[in-house]
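Colleague: Structure provided below as structure tokens; questions to follow.
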Amino acid sequence: MNVVEASGLGKRYGGTWALRECTLAIPAGHVAALVGPNGAGKTTLLNLAVGLAAPSAGAVTVLGGRPAGSPAALDGIGFVAQDTPLYKNLSVADMLHVTRNLNRRFDQPYAQARLAELGIPLKRKAGKLSGGQQAQLALTLALARRPRLLVLDEPVAMLDPIARHDFMALVLTATVDDGVSVLLSSHVLTELERVADYLILLSRGRVQMAGEVDDLLASHRVLTGPAAEAGRYAERPVVHVRRGEAQAHLLVRAGPDDPVPPGWEAHPVGLEELALAYLREPGAAALPGPARGQALPLDTGEPSEVTR
Amino acid sequence: MTALTMPARPEQDASLRPVPWRRMAWVTWRQHRFALAGVAALLGALAAWLWLEGLHAHHAYAVAADCHPASSGACGNLVGYFLTYVSTAQTIAIVLQAVPALIGAFVGAPVLAREMETGTFRYAWTQGFGRWRWTLAKLVPLAIAVAAAAGAFSVLFSWYYQPFLTQTVSFNFQVPLDSGLFDLRGVAFAAWTLAAFAIGALAGMLIRRVVTALAATLAVYTGLALAVGLYLREHYLTPLLVKNASPPASAWVIGQQWYARGGQPVSQSTLGQVLQTAPQLAGGKGGIPQDDPTVNQYLVQHGYTLWTTYQPGSRFWPFQWIEGGWLLALSVLLIAATVWLVRRRAA
């Protein structure tokens with residue numbers, strides 16, 4: 001089952017496309033990270049998936065074909081919006097009560113136990129909680145609905161490192177214990193390596209790369225060799241070139257068994273490095289299925305990072 | 001028995017039944033109880049004032065009306081005493097004109113505007129209840145609550161105002177159809193409150209800012225109420241005409257016009273010139289004294305005809321139902337438009 005499936009999905013605000021021609025299928029059972037620079041369309045894609053926005057083009061379904069925003073879809077998705085909006089004048093207990101009344105399922109004992117663990121008093125007004133506690137409360141509310149898909153929009157952007165760690169720990173527990181699939185957007189790349197096992201890279205309103213992290217890492221390598229020869233390497237699609245004075249680092253789409261040119265060394269690539277490389281080369285694409293990624297000519301003036 | 005042997009898959013389970021409506025009732029109450037308490041406090045305070053004033057005014061009226069012989073000086077004093085309550089009654093009537101607008105602005109406008117302003121709609125609209133049902137489950141009970149409160153209040157006001165409308169005590173300063181009074185009695189007050197709430201709700205959804213939506217509600221409501229009072233209400237039913245005579249005392253006079261022998265309307269200045277030829281009359285200063293029987297008689301004798309258009313006082317209830325009816329229809333339309341906007345709005 002795919003938790004999110006989009007085909008030709010597009011969203012236009014006024015004359016600007018916030019997202020266009022987005023086709024992807026996120027299988028269940030993953031923590032999928034939606035990564036991209038600000039304005040890439042992350043929030044738009046999430047809003048479309050949870051039914052807050054209606055598509056201008058194409059279609060999006062969730063949880064195995066349920067139209068986004070339909071009652072059946074809403075029932076199965078727990079969504080925590082950016083900046084975790086809560087009714088600030090309601091107490092934590094009232095927020096639980098409101099959420100319980102607005103949903104078919106609500107696991108009150110779970111929510112109370114989780115809040116007790118986190119040390120969030122039930123009588124406190126939601127607006128008086130710290131930013132980290134508000135995020136934890138919003139996440140608890142979403143999880144207590146026993147969703148099958150948890151959608152988080154920039155969940156940790158506003159949090160300090162400890163709150164960030166605690167928040168992600170709660171997300172991971174839910175995925176392991178309850179089999180919840182997660183789709184989260186973030187521009188904090190360092191968090192992802194630890195939690196995400198599926199990556200969707202958005203750039204300028206389009207899907208640039210999508211796939212399981214393991215597959216993506218296995219199909220990319222960093223080649224290090226003499227800078228002078230960097231331009232001649234054209235056997236496999238090059239995503240990104242990082243040139244030093246003597247050496248150049250090429251991120252190429254190549255498996256571990258692909259031959260390494262003489263005089264060059266191959267290294268595996270990390271998730272953050274991979275994501276950064278693609279983000280720096282918005283023209284490069286790596287999509288699942290028949291490779292749509294094209295070889296990039298190297299000396300065309302494409303931006304490349306020059307290292308010392 | 002298939003239900004037992006085959007555990008329902010979540011996909012099927014989800015299409016079973018929606019979250020019951022009644023569960024939203026608590027949410028609506030919990031989130032808007034302070035606004036409703038504000039309405040109760042406002043109307044309660046005004047009701048207490050009306051009740052106290054009303055008891056005194058009713059008593060003074062009863063004493064004056066029972067006095068015999070009515071022409072005696074003692075009775076005149078009692079009438080005079082009763083008339084001291086008139087100015088308070090007029091003040092109250094003016095104050096009450098603002099009540100529906102205030103309820104619409106302070107209860108209606110924030111319902112959606114606050115959600116949009118603080119971003120909590122992203123929470124509310126992604127819960128299992130569903131966003132258009134959520135909107136309906138908020139707006140309809142609140143609309144009914146404020147309309148019912150206003151309706152109950154206007155019953156009290158009608159009782160309070162009764163002495164000031166009767167003609168037994170040798171005076172009559174207002175008729176039931178008068179603009180300042182008509183919309184405070186009968187079903188109109190509740191209907192105007194309902195419409196104000198609906199205007200507020202839609203303004204909140206369109207503007208998405210509490211303070212701006214609140215101000216817009218006050219402005220739109222005031223414009224609508226003025227337009228109806230000044231232009232629309234007199235057209236609910238075809239007005240009656242009376243020639244060269246006064247309409248009944250309870251009538252709401254809409255217009256008077258003098259016509260010459262040939263049937264063409266005559267301007268005030270022409271009439272003034274006519275009156276100047278009659279030095280025994282007080283007129284001749286550019287206009288004519290309104291409703292002066294001697295002047296009117298003089299003009300009629302000289303071949304002019306006075307046509308008065310008016311709505312008879314007996315049309316009070318038909319007018320109430322007409323106004324209540326279209327305001328109810330308007331409110332339903334505005335609330336439906338609000339729900340429609342919520343359904344189609346992109347985040």
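Just so we're on the same page: first chain in the structure tokens is A, next is B, and so on; residues restart at 1 for each chain, and ligands are numbered from 1 in the order they show up.
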What's the 9 Å shell around Ser70 in chain A, counting only C-alpha atoms, without same-chain residues fewer than 4 positions away, as a PyMOL selection string?
Modeller: (chain A and resi 51+66+74-75) or (chain B and resi 130)
Colleague: Give one line per residue of chain B that approaches chain A to at most 12 Å, naming the two atoms of the closest pair and their distance in Å to one decimal, counting only C-alpha atoms; sort by chain then ascending residue number and deliver it as a tab-separated table.
Modeller:
residue	atom	partner	partner_atom	distance
B:Pro10	CA	A:Gly76	CA	8.8
B:Glu11	CA	A:Ala72	CA	7.6
B:Gln12	CA	A:Ala72	CA	8.9
B:Asp13	CA	A:Ala72	CA	8.7
B:Ala14	CA	A:Ala72	CA	5.0
B:Ser15	CA	A:Ala72	CA	5.8
B:Leu16	CA	A:Ala72	CA	8.9
B:Arg17	CA	A:Arg104	CA	8.8
B:Pro18	CA	A:Pro71	CA	7.4
B:Val19	CA	A:Arg104	CA	5.6
B:Pro20	CA	A:Arg104	CA	8.6
B:Trp21	CA	A:Leu102	CA	9.3
B:Arg22	CA	A:Asn101	CA	9.0
B:Arg23	CA	A:Asn101	CA	5.2
B:Met24	CA	A:Asn101	CA	6.6
B:Ala25	CA	A:Asn101	CA	9.1
B:Trp26	CA	A:Asn101	CA	7.9
B:Val27	CA	A:Val98	CA	5.8
B:Thr28	CA	A:Val98	CA	9.4
B:Trp29	CA	A:Val98	CA	10.7
B:Arg30	CA	A:Asp94	CA	8.4
B:Gln31	CA	A:Leu90	CA	8.1
B:His32	CA	A:Asn89	CA	11.3
B:Arg33	CA	A:Leu90	CA	12.0
B:Phe34	CA	A:Asn89	CA	11.3
B:Arg114	CA	A:Tyr87	CA	10.0
B:Glu115	CA	A:Tyr87	CA	8.8
B:Met116	CA	A:Pro85	CA	10.6
B:Glu117	CA	A:Pro85	CA	10.6
B:Thr118	CA	A:Pro85	CA	7.2
B:Gly119	CA	A:Pro85	CA	5.9
B:Thr120	CA	A:Pro85	CA	5.0
B:Phe121	CA	A:Pro85	CA	8.2
B:Arg122	CA	A:Ala81	CA	6.3
B:Tyr123	CA	A:Pro85	CA	6.5
B:Ala124	CA	A:Leu102	CA	8.4
B:Trp125	CA	A:Leu52	CA	7.1
B:Thr126	CA	A:Leu74	CA	6.0
B:Gln127	CA	A:Leu102	CA	6.0
B:Gly128	CA	A:Asn103	CA	4.6
B:Phe129	CA	A:Leu102	CA	5.1
B:Gly130	CA	A:Pro71	CA	6.3
B:Arg131	CA	A:Gly69	CA	9.1
B:Trp132	CA	A:Pro71	CA	10.8
B:Arg133	CA	A:Leu102	CA	10.5
B:Trp134	CA	A:Leu102	CA	8.6
B:Ala137	CA	A:Leu102	CA	11.2
B:Val342	CA	A:Leu52	CA	10.0
B:Arg343	CA	A:Leu52	CA	9.3
B:Arg344	CA	A:Ala54	CA	7.5
B:Arg345	CA	A:Ala53	CA	7.0
B:Ala346	CA	A:Ala53	CA	4.1
B:Ala347	CA	A:Ala53	CA	5.0
Colleague: Can those selected residues be exported to a file as a CSV table (one decimal), in the first residue's frame so that it contains C-alpha atoms?
Modeller:
chain,number,residue,atom,x,y,z
B,10,PRO,CA,-9.3,-0.5,8.2
B,11,GLU,CA,-10.3,0.7,4.7
B,12,GLN,CA,-13.8,-0.6,5.2
B,13,ASP,CA,-13.9,0.4,8.8
B,14,ALA,CA,-13.2,4.0,7.8
B,15,SER,CA,-16.2,4.3,5.6
B,16,LEU,CA,-18.5,3.2,8.4
B,17,ARG,CA,-20.0,6.2,10.0
B,18,PRO,CA,-18.9,9.7,10.6
B,19,VAL,CA,-18.2,11.2,14.0
B,20,PRO,CA,-21.6,12.0,15.5
B,21,TRP,CA,-22.7,15.6,15.4
B,22,ARG,CA,-23.5,15.8,19.1
B,23,ARG,CA,-19.8,15.5,19.9
B,24,MET,CA,-19.2,18.8,18.2
B,25,ALA,CA,-21.7,20.4,20.6
B,26,TRP,CA,-19.2,20.2,23.5
B,27,VAL,CA,-16.4,21.6,21.4
B,28,THR,CA,-18.5,24.6,20.2
B,29,TRP,CA,-19.7,25.2,23.8
B,30,ARG,CA,-16.2,25.0,25.2
B,31,GLN,CA,-14.7,27.3,22.6
B,32,HIS,CA,-17.4,29.9,22.5
B,33,ARG,CA,-18.8,29.9,26.0
B,34,PHE,CA,-17.2,33.2,26.8
B,114,ARG,CA,-9.7,33.6,14.9
B,115,GLU,CA,-9.0,30.1,13.5
B,116,MET,CA,-7.6,31.6,10.3
B,117,GLU,CA,-5.6,34.2,12.1
B,118,THR,CA,-3.9,31.8,14.6
B,119,GLY,CA,-3.6,29.0,12.1
B,120,THR,CA,-5.7,26.6,14.2
B,121,PHE,CA,-7.8,25.8,11.2
B,122,ARG,CA,-5.0,23.5,10.2
B,123,TYR,CA,-5.6,21.6,13.3
B,124,ALA,CA,-9.4,21.7,13.2
B,125,TRP,CA,-9.9,20.9,9.5
B,126,THR,CA,-7.6,17.8,9.6
B,127,GLN,CA,-9.5,16.1,12.4
B,128,GLY,CA,-11.8,13.2,11.6
B,129,PHE,CA,-14.9,15.3,12.0
B,130,GLY,CA,-14.5,16.9,8.6
B,131,ARG,CA,-14.2,20.6,7.9
B,132,TRP,CA,-17.6,21.5,6.5
B,133,ARG,CA,-19.4,19.6,9.2
B,134,TRP,CA,-17.2,21.3,11.7
B,137,ALA,CA,-21.7,22.4,13.8
B,342,VAL,CA,-14.6,26.7,4.1
B,343,ARG,CA,-15.0,23.6,1.8
B,344,ARG,CA,-13.2,25.1,-1.2
B,345,ARG,CA,-10.6,27.2,0.5
B,346,ALA,CA,-7.1,26.2,-0.1
B,347,ALA,CA,-4.8,26.4,2.9
Colleague: Between B:Gly44, B:Gly76, B:Pro163, B:Gly263, which one has atoms that come closest to His58 in chain B, using only C-alpha atoms?
Modeller: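 Counting only C-alpha atoms, the residue closest to His58 in chain B is B:Pro163.
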Colleague: Separation of CA of Leu181 in chain B and CA of Trp258 in chain B, in Å?
Modeller: 28.7 Å
Colleague: Using DSSP on the backbone coordinates, identify the residues of range 196-246 of chain A assigned to strand (DSSP E or B); present them as an MDAnalysis selection string.
Modeller: chainID A and resid 198:203 206:212 220:226 238:243
Colleague: For the residues selected in the previous step, produce a file with C-alpha atoms as a CSV table (one decimal), in the first residue's frame.
Modeller:
chain,number,residue,atom,x,y,z
A,198,TYR,CA,12.7,7.3,2.5
A,199,LEU,CA,13.7,10.5,0.9
A,200,ILE,CA,11.8,12.9,-1.3
A,201,LEU,CA,13.7,15.9,-2.6
A,202,LEU,CA,11.7,18.8,-3.7
A,203,SER,CA,13.1,21.7,-5.7
A,206,ARG,CA,9.1,19.7,-8.6
A,207,VAL,CA,10.2,16.3,-7.3
A,208,GLN,CA,13.9,16.0,-7.9
A,209,MET,CA,14.6,12.7,-6.3
A,210,ALA,CA,12.6,10.1,-4.5
A,211,GLY,CA,13.3,6.7,-3.1
A,212,GLU,CA,14.4,4.6,-0.2
A,220,HIS,CA,25.5,7.0,-5.6
A,221,ARG,CA,29.2,7.2,-5.0
A,222,VAL,CA,31.7,10.0,-4.4
A,223,LEU,CA,34.7,9.7,-6.7
A,224,THR,CA,37.8,11.6,-5.7
A,225,GLY,CA,40.6,12.2,-8.2
A,226,PRO,CA,42.8,14.8,-9.9
A,238,VAL,CA,27.4,13.2,-12.5
A,239,VAL,CA,25.3,15.0,-10.1
A,240,HIS,CA,27.6,17.4,-8.5
A,241,VAL,CA,31.2,18.4,-8.7
A,242,ARG,CA,33.2,19.8,-5.9
A,243,ARG,CA,36.6,21.0,-7.0
Colleague: Using only C-alpha atoms, can you tell me which of A:Leu115, A:Glu281, A:Thr190, A:Leu149 comes closest to Asp178 in chain A?
Modeller: A:Leu149
Colleague: Using only C-alpha atoms, which residue out of B:Leu237, B:Tyr298, B:Met205, B:Tyr259 lies closest to Ala337 in chain B?
Modeller: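 When distances to Ala337 in chain B are compared using only C-alpha atoms, the smallest one comes from B:Met205.
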Colleague: Could you pull out the residues in range 14-262 of chain B that DSSP calls alpha helix (DSSP H) from the backbone, as an MDAnalysis selection string?
Modeller: chainID B and resid 14 22:66 73:83 86:97 99:103 109:118 121:124 131:165 179:182 188:207 210:227
Colleague: Leaving out Gly263 in chain A and any residue of its chain fewer than 3 positions from it, which residues lie within 12 Å of it when counting only C-alpha atoms, given as number ranges by chain?
Modeller: A: 223-230, 233, 247-248, 259-260, 266
Colleague: Would you pick out the contacts of Trp317 in chain B at 12 Å or less, using only C-alpha atoms, so that residues sharing its chain but fewer than 2 positions from it are not included, and give the list as a count of residues only?
Modeller: 21
Colleague: May I ask which of the residues A:His165, A:Leu141, A:Asp160, A:Leu96 is the closest one to Leu122 in chain A, counting only C-alpha atoms?
Modeller: A:Leu96
Colleague: Residues near Leu214 in chain B, anyone? I mean within 8 Å using only C-alpha atoms, not counting same-chain ones fewer than 4 positions away, as a list in words.
Modeller: Ala105, Phe106, Ala109, Pro110, Gly200, Ala203, Gly204, Val210 and Leu218 of chain B
Colleague: So that I have them on file, write out the residues from the current selection with C-alpha atoms, as an mmCIF file, in the first residue's frame.
Modeller:
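As written to disk, out_8.cif reads:
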data_model
loop_
_atom_site.group_PDB
_atom_site.id
_atom_site.type_symbol
_atom_site.label_atom_id
_atom_site.label_comp_id
_atom_site.auth_asym_id
_atom_site.auth_seq_id
_atom_site.Cartn_x
_atom_site.Cartn_y
_atom_site.Cartn_z
ATOM 1 C CA ALA B 105 -19.284 41.510 15.427
ATOM 2 C CA PHE B 106 -18.146 40.005 18.718
ATOM 3 C CA ALA B 109 -16.856 37.460 13.273
ATOM 4 C CA PRO B 110 -14.284 35.661 15.465
ATOM 5 C CA GLY B 200 -19.960 38.318 10.990
ATOM 6 C CA ALA B 203 -16.789 38.399 7.047
ATOM 7 C CA GLY B 204 -14.511 36.394 9.340
ATOM 8 C CA VAL B 210 -10.473 39.184 13.831
ATOM 9 C CA LEU B 218 -20.289 46.565 12.130
#
Colleague: Pick out the closest residue to Gly10 in chain A from this set: A:Ala32, A:Val92, A:Ala57, A:Leu274. Count only C-alpha atoms.
Modeller: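 Of A:Ala32, A:Val92, A:Ala57, A:Leu274, the one nearest Gly10 in chain A is A:Ala57, counting only C-alpha atoms.
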